[in-house]
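Structure first, then comments.
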Amino acid sequence: MVRAVPPRARFCPSPTGPFHVGGARTALFNWLFARREGGAFLLRNEDTDPVRSSDVWLEGILDGLRWLGLEWDEEIVRQSERRDAHLEAANRLLDAGHAYWCDCTPEAIEARKGPGGGYDGFCRDRGLGPSDLHVVRFRVPDEGSTTVVDVIRDSATFENATIDDFVIVRRGGAPMFVLANVVDDDFQRVTHVIRGEEHLSTTPKYLLIRHALGLTEDPVFAHLPLLVNEKRQKLSKRRDKVQLLQYRDEGYLPEAMRNYLALLGWSPGNDEEIVPVETMVERFRLEDVSRAPAFFDEQKLRYVNAEYLRAMSEDEFAEAARPFVEAKVARFDPELYAQVAPLAQTRVQILSEVPDLLAFLFTDTVEIDEAAWAKGVAKNEWSADVLGEAAGAFAELPWEAEALHAATLELCE
RNA sequence: GCCCCCAUGGUGUAGCGGUCAGCACGCGAGCCUUUCACGCUCGUAGGGAGAGUUCGAGUCUCUCUGGGGGUACCA
């Protein structure tokens, strides 16, 4: 689709929990697209659910985006402050007969529910008026169908008859997700809606509202394949390790995470995987995104991270690993650390593993691994002698590889 | 139940009607190496099933099967 104006993509998380790797991937693809096309990458804080939303979560999301280097354009739109515009749109729908008031309780709806049904349209023509005790429902046309044109998966057509009259304003006057989404996408002049596949089936509702509001020139849709766990289910907060910042805290590098995330559902081509972000931007095309769900594979993430670690200079690596070591040892020695840090560089995949390798050098107390002791030393009567001799031989030596090596060879004879 | 999406090795993917089906992770073996790693080499394993279109199908169509998502006064 050719458009005269520069494209405008948006990432609109709802601040209801820790920033999720799936959300990060969605943000990344929006960002890559915007940067590739010379467009804008917008942010919208979808905090319309007053009980679940919190600014604490928003901060975490912004931290995550900054960490990954996904800088956004323009001011963040806070959806809760756009309530008047949402309600104004709802009123227009009401006035035009595209929406109506409803006082059905969930219990009543459940009781009337027939086979295959949700809401049955009970209040459609009851002529109920405004009230804080009523909700506003969108009147979905009985006839016709709505087609979602999607850059990634061609198109999906939904029979309108299969879509229930859904709530657009809840009891008490809070606008619902789809309504707010439509109104704010129009407000922000969004041209490309790039989001997870879980939104695909709400897209016809989005389109129905849009058209009922008289808005033309629909945005282009791109529904990204879901990120799934080993059981092929959508990544879940409860079951799976999905917190983006937890990975940061374990010593994954942002470049590695960004690179890995980009590989889920997309490929830079040329049989390449580890590519700088500039290359990703250069090659990214929405049309090339795959349709199948992708397994978030921590093992592969570790590999990618290890690649980035090894590509660092010794100093960069030491610098990056230092906080992880400092946090784990009682008596940190910068000079010793500088000497010894490079030894860890090819031996770890994530930075939190560095102290496992080096911590023994920064302590006075020796901890004995009972299991190892039992298995080795205690089993062979000569072990103690060997260890004793080695300790004696090493005591006088300068602590240098060559001298130590020579002494070891001597001991072996 | 109803609606929708998806389907290349265990995993992520390349391919865009004619390839010995490529790459990477993982796994296995070997080389390198005083150890462990790194690195290098080789190997392992694949187009869900069945029809159709075509001279020719992983690639197009249909059916089935399997998996997933949605179906909230969440987003």
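Residues are named by chain letter and number: chains run A, B, ... in the order of the structure tokens, numbers start at 1 in each chain, and ligands are numbered from 1 in the order shown.
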
For this session: Please provide the set of residues having any atom within 12 Å of stretch 16-31 of chain B, restricted to only C-alpha atoms (C1' of nucleotides), with same-chain residues fewer than 3 positions apart removed, written as a ChimeraX atom specification.
Result: /A:260,263,267-274,288,297-304 /B:8-13,39-47,53-60

For this session: Please report, as JSON, numbers by chain, each residue of stretch 90-288 of chain A to which DSSP assigns strand (DSSP E) when run on this structure's backbone.
Result: {"A": [99, 100, 101, 102, 135, 136, 137, 138, 145, 146, 147, 148, 149, 150, 154, 155, 156, 157, 158, 159, 167, 168, 169, 192, 193, 194, 195, 196, 220, 221, 222, 223, 224, 227, 228]}

Serialized selection, C-alpha atoms, as a compact mmCIF listing (two decimals), in the first residue's frame:
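That gives us selection-v3.txt:
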```txt
# COMPACT_ATOMS: atom_id res chain seq x y z
CA ALA A 99 -24.80 1.79 19.78
CA TYR A 100 -27.36 1.43 22.56
CA TRP A 101 -27.68 1.30 26.31
CA CYS A 102 -27.96 -2.03 28.03
CA VAL A 135 -23.32 -0.10 29.67
CA VAL A 136 -23.13 1.01 26.06
CA ARG A 137 -23.05 -1.74 23.46
CA PHE A 138 -22.07 -1.50 19.85
CA SER A 145 -18.96 -9.36 6.72
CA THR A 146 -15.84 -7.52 7.74
CA THR A 147 -12.51 -8.23 6.16
CA VAL A 148 -9.22 -7.54 7.88
CA VAL A 149 -6.46 -6.93 5.40
CA ASP A 150 -3.19 -7.95 6.93
CA ASP A 154 -3.25 -11.70 3.52
CA SER A 155 -6.77 -11.28 4.82
CA ALA A 156 -9.28 -12.72 7.24
CA THR A 157 -13.00 -12.34 6.77
CA PHE A 158 -15.47 -12.41 9.64
CA GLU A 159 -19.22 -12.76 9.22
CA VAL A 167 -19.53 -3.34 25.27
CA ILE A 168 -17.81 -0.09 24.38
CA VAL A 169 -18.46 1.83 27.60
CA HIS A 192 0.16 0.91 10.73
CA VAL A 193 -1.26 -1.25 13.47
CA ILE A 194 1.42 -3.80 14.30
CA ARG A 195 0.47 -6.00 17.24
CA GLY A 196 0.26 -9.56 18.47
CA VAL A 220 -2.67 -1.21 7.57
CA PHE A 221 -2.70 -4.20 9.89
CA ALA A 222 0.12 -6.58 10.70
CA HIS A 223 -0.58 -9.28 13.26
CA LEU A 224 2.66 -10.73 14.54
CA LEU A 227 5.56 -16.05 21.20
CA VAL A 228 4.96 -19.44 22.77
```

Problem set entry | Within 10 Å of A:Leu358 using only C-alpha atoms (C1' of nucleotides), minus same-chain residues under 3 positions, as a list of chain:residue names |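 That gives A:Val325, A:Lys328, A:Val329, A:Tyr337, A:Val340, A:Ala341, A:Leu343, A:Ala344, A:Glu353, A:Val354, A:Pro355, A:Leu361, A:Phe362, A:Thr363.
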
For this session: Hey, list the chain B side of the contact with chain A: 9 Å cut-off, only C-alpha atoms (C1' of nucleotides), answer as a ChimeraX atom specification.
Result: /B:1-7,11-14,22-26,34,36-38,67-71,73-75

Exercise. What does the distance between atom CA of A:Gly127 and atom CA of A:Asn160 come to in Å, to one decimal place?
Worked result: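 It comes out at 22.6 Å.
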